[in-house]
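Beneath this line is the structure, given in structure tokens, with notes to follow.
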Amino acid sequence: MKKFLLGLSIGLMLSIPIGAHAQIASMIGKVVDGVFPVKVNGNSIENSAIVIEGTSYLPVRAMGDALGMDVSFNADLGIELKSKGGSALTSQEQKDQATRSKTIQDLSARITVLMNQENEVNAIIQPYEMDYYMINGKSSKKEKDGAYFEAVKKRDEIKKELDELNQKLNAVIKEQNDFAESKRQQILQQP
């Protein structure tokens, strides 16, 4: 029984390092599909990214430096990126960012729906607004009736709402861009 337990213990100890080695070695022997330059805010970084099986792998240290972040390595914890100084987003800034992103998504979705409705209404209006169309080989002007005027009214309402939504969307996008630029300036001003 003692020999059995001793053998089992030795077997377990030998299998653990092999399993850990198998995880690390999983990228060994993989074919690099491509090497690509990397730009951060329009500026190229010195190291390139590689693509293996459709996944991009970025140079962590170069990316961290380009983004103004501290990069550290700990054998137990792995690689860690930290914002330098006070450039990390506060809890309120994160909430504001999430709110703006959600607003942009909602406005974009509503704009898409309205554009589809506008296309449907325009399909109704179009025959009325053409000067002439053919009926049994003869040119004839289609008389504008209640359906036409209703469709025109609906189109005008849709256009008005689309204009309002586009103005809101542009304002939120500007706010998002202004915030991103202010954070970028904070990072650039740090020593």
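Labels used: A, B, ... for chains in the order of the structure tokens, numbers from 1 for residues in each chain, and numbers from 1 for ligands as shown.
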
request  = Tell me which protein, DNA and RNA residues are within 12 Å of A:Val32, counting only C-alpha atoms, leaving out same-chain ones fewer than 2 positions away, and put them as a ChimeraX atom specification.
outcome  = /A:27-30,34-36,49-57

Spatial neighbours of stretch 154-164 of chain A, 12 Å, only C-alpha atoms, chain gap at least 3 places, as a count of residues only = 30

request  = Measuring atom to atom with only C-alpha atoms, identify which of A:Thr99, A:Ala62, A:Lys144, A:Ala75 is nearest to A:Pro37.
outcome  = A:Ala62

message = Using only C-alpha atoms, which protein or nucleic acid residues come within 10 Å of A:Val71? Drop anything in the same chain fewer than 5 positions from it, and give the result as a count of residues only.
response = 12

request  = From the DSSP assignment of the backbone, select every residue of stretch 66-176 of chain A that is strand (DSSP E or B), and format the answer as a ChimeraX atom specification.
outcome  = /A:69-74,78-83,133-135,138-140

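Note that the spacing between atom CA of A:Asn166 and atom CA of A:Gln105 amounts to 12.4 Å.
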
inquiry  = So the first atom is atom CA of A:Gly68 and the second is atom CA of A:Ile187; what is the distance between them in Å, to one decimal place?
reply    = 6.1 Å

request  = Would you please extract all helix (DSSP H, G or I) residues from stretch 58-172 of chain A, as assigned by DSSP on the backbone, and give them as a PyMOL selection string?
outcome  = chain A and resi 60-66+91-129+146-172

How would the residues just picked look written out with C-alpha atoms as a PDB file, in the first residue's frame?
```
ATOM      1  CA  VAL A  60       2.433  44.725 -24.683  1.00  0.00           C
ATOM      2  CA  ARG A  61       5.304  46.947 -23.563  1.00  0.00           C
ATOM      3  CA  ALA A  62       5.228  49.054 -26.743  1.00  0.00           C
ATOM      4  CA  MET A  63       1.431  49.389 -26.531  1.00  0.00           C
ATOM      5  CA  GLY A  64       1.592  50.341 -22.862  1.00  0.00           C
ATOM      6  CA  ASP A  65       4.232  52.969 -23.569  1.00  0.00           C
ATOM      7  CA  ALA A  66       2.216  54.360 -26.498  1.00  0.00           C
ATOM      8  CA  SER A  91     -16.135  55.665 -11.309  1.00  0.00           C
ATOM      9  CA  GLN A  92     -18.288  58.607 -12.426  1.00  0.00           C
ATOM     10  CA  GLU A  93     -16.332  58.963 -15.693  1.00  0.00           C
ATOM     11  CA  GLN A  94     -16.869  55.258 -16.386  1.00  0.00           C
ATOM     12  CA  LYS A  95     -20.614  55.672 -15.784  1.00  0.00           C
ATOM     13  CA  ASP A  96     -20.700  58.741 -18.030  1.00  0.00           C
ATOM     14  CA  GLN A  97     -18.822  56.856 -20.760  1.00  0.00           C
ATOM     15  CA  ALA A  98     -21.259  53.943 -20.499  1.00  0.00           C
ATOM     16  CA  THR A  99     -24.236  56.321 -20.635  1.00  0.00           C
ATOM     17  CA  ARG A 100     -22.863  58.081 -23.725  1.00  0.00           C
ATOM     18  CA  SER A 101     -22.155  54.765 -25.446  1.00  0.00           C
ATOM     19  CA  LYS A 102     -25.679  53.525 -24.707  1.00  0.00           C
ATOM     20  CA  THR A 103     -27.164  56.812 -25.941  1.00  0.00           C
ATOM     21  CA  ILE A 104     -25.176  56.562 -29.177  1.00  0.00           C
ATOM     22  CA  GLN A 105     -26.392  52.985 -29.708  1.00  0.00           C
ATOM     23  CA  ASP A 106     -30.018  53.918 -28.991  1.00  0.00           C
ATOM     24  CA  LEU A 107     -29.967  56.980 -31.241  1.00  0.00           C
ATOM     25  CA  SER A 108     -28.296  55.036 -34.049  1.00  0.00           C
ATOM     26  CA  ALA A 109     -30.900  52.265 -33.793  1.00  0.00           C
ATOM     27  CA  ARG A 110     -33.789  54.773 -33.878  1.00  0.00           C
ATOM     28  CA  ILE A 111     -32.234  56.573 -36.858  1.00  0.00           C
ATOM     29  CA  THR A 112     -31.999  53.259 -38.731  1.00  0.00           C
ATOM     30  CA  VAL A 113     -35.694  52.525 -38.047  1.00  0.00           C
ATOM     31  CA  LEU A 114     -36.709  56.002 -39.214  1.00  0.00           C
ATOM     32  CA  MET A 115     -34.619  55.749 -42.361  1.00  0.00           C
ATOM     33  CA  ASN A 116     -36.374  52.477 -43.217  1.00  0.00           C
ATOM     34  CA  GLN A 117     -39.750  54.132 -42.602  1.00  0.00           C
ATOM     35  CA  GLU A 118     -38.716  57.069 -44.768  1.00  0.00           C
ATOM     36  CA  ASN A 119     -37.845  54.663 -47.606  1.00  0.00           C
ATOM     37  CA  GLU A 120     -41.267  53.015 -47.310  1.00  0.00           C
ATOM     38  CA  VAL A 121     -43.054  56.389 -47.390  1.00  0.00           C
ATOM     39  CA  ASN A 122     -40.950  57.558 -50.335  1.00  0.00           C
ATOM     40  CA  ALA A 123     -42.031  54.436 -52.241  1.00  0.00           C
ATOM     41  CA  ILE A 124     -45.636  55.610 -51.807  1.00  0.00           C
ATOM     42  CA  ILE A 125     -44.865  59.221 -52.756  1.00  0.00           C
ATOM     43  CA  GLN A 126     -42.636  58.557 -55.762  1.00  0.00           C
ATOM     44  CA  PRO A 127     -45.359  57.694 -58.325  1.00  0.00           C
ATOM     45  CA  TYR A 128     -47.200  60.916 -57.469  1.00  0.00           C
ATOM     46  CA  GLU A 129     -44.143  63.097 -57.832  1.00  0.00           C
ATOM     47  CA  GLY A 146     -55.409  61.616 -49.751  1.00  0.00           C
ATOM     48  CA  ALA A 147     -52.829  58.790 -49.717  1.00  0.00           C
ATOM     49  CA  TYR A 148     -50.251  61.114 -51.262  1.00  0.00           C
ATOM     50  CA  PHE A 149     -50.839  63.955 -48.819  1.00  0.00           C
ATOM     51  CA  GLU A 150     -50.808  61.545 -45.870  1.00  0.00           C
ATOM     52  CA  ALA A 151     -47.509  60.049 -47.062  1.00  0.00           C
ATOM     53  CA  VAL A 152     -45.965  63.510 -47.552  1.00  0.00           C
ATOM     54  CA  LYS A 153     -47.033  64.520 -44.050  1.00  0.00           C
ATOM     55  CA  LYS A 154     -45.519  61.306 -42.637  1.00  0.00           C
ATOM     56  CA  ARG A 155     -42.285  61.876 -44.597  1.00  0.00           C
ATOM     57  CA  ASP A 156     -42.004  65.427 -43.253  1.00  0.00           C
ATOM     58  CA  GLU A 157     -42.505  64.165 -39.673  1.00  0.00           C
ATOM     59  CA  ILE A 158     -39.863  61.488 -40.186  1.00  0.00           C
ATOM     60  CA  LYS A 159     -37.398  64.001 -41.657  1.00  0.00           C
ATOM     61  CA  LYS A 160     -37.965  66.363 -38.729  1.00  0.00           C
ATOM     62  CA  GLU A 161     -37.368  63.576 -36.193  1.00  0.00           C
ATOM     63  CA  LEU A 162     -34.320  62.366 -38.144  1.00  0.00           C
ATOM     64  CA  ASP A 163     -32.844  65.881 -38.066  1.00  0.00           C
ATOM     65  CA  GLU A 164     -33.432  66.123 -34.304  1.00  0.00           C
ATOM     66  CA  LEU A 165     -31.921  62.678 -33.665  1.00  0.00           C
ATOM     67  CA  ASN A 166     -28.897  63.415 -35.844  1.00  0.00           C
ATOM     68  CA  GLN A 167     -28.315  66.648 -33.913  1.00  0.00           C
ATOM     69  CA  LYS A 168     -28.518  64.746 -30.604  1.00  0.00           C
ATOM     70  CA  LEU A 169     -26.231  62.010 -31.933  1.00  0.00           C
ATOM     71  CA  ASN A 170     -23.663  64.554 -33.137  1.00  0.00           C
ATOM     72  CA  ALA A 171     -23.767  66.315 -29.748  1.00  0.00           C
ATOM     73  CA  VAL A 172     -23.164  63.059 -27.843  1.00  0.00           C
TER      74      VAL A 172
END
```

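We find atom CA of A:Gln189 and atom CA of A:Asp70 to be spaced 15.2 Å apart.
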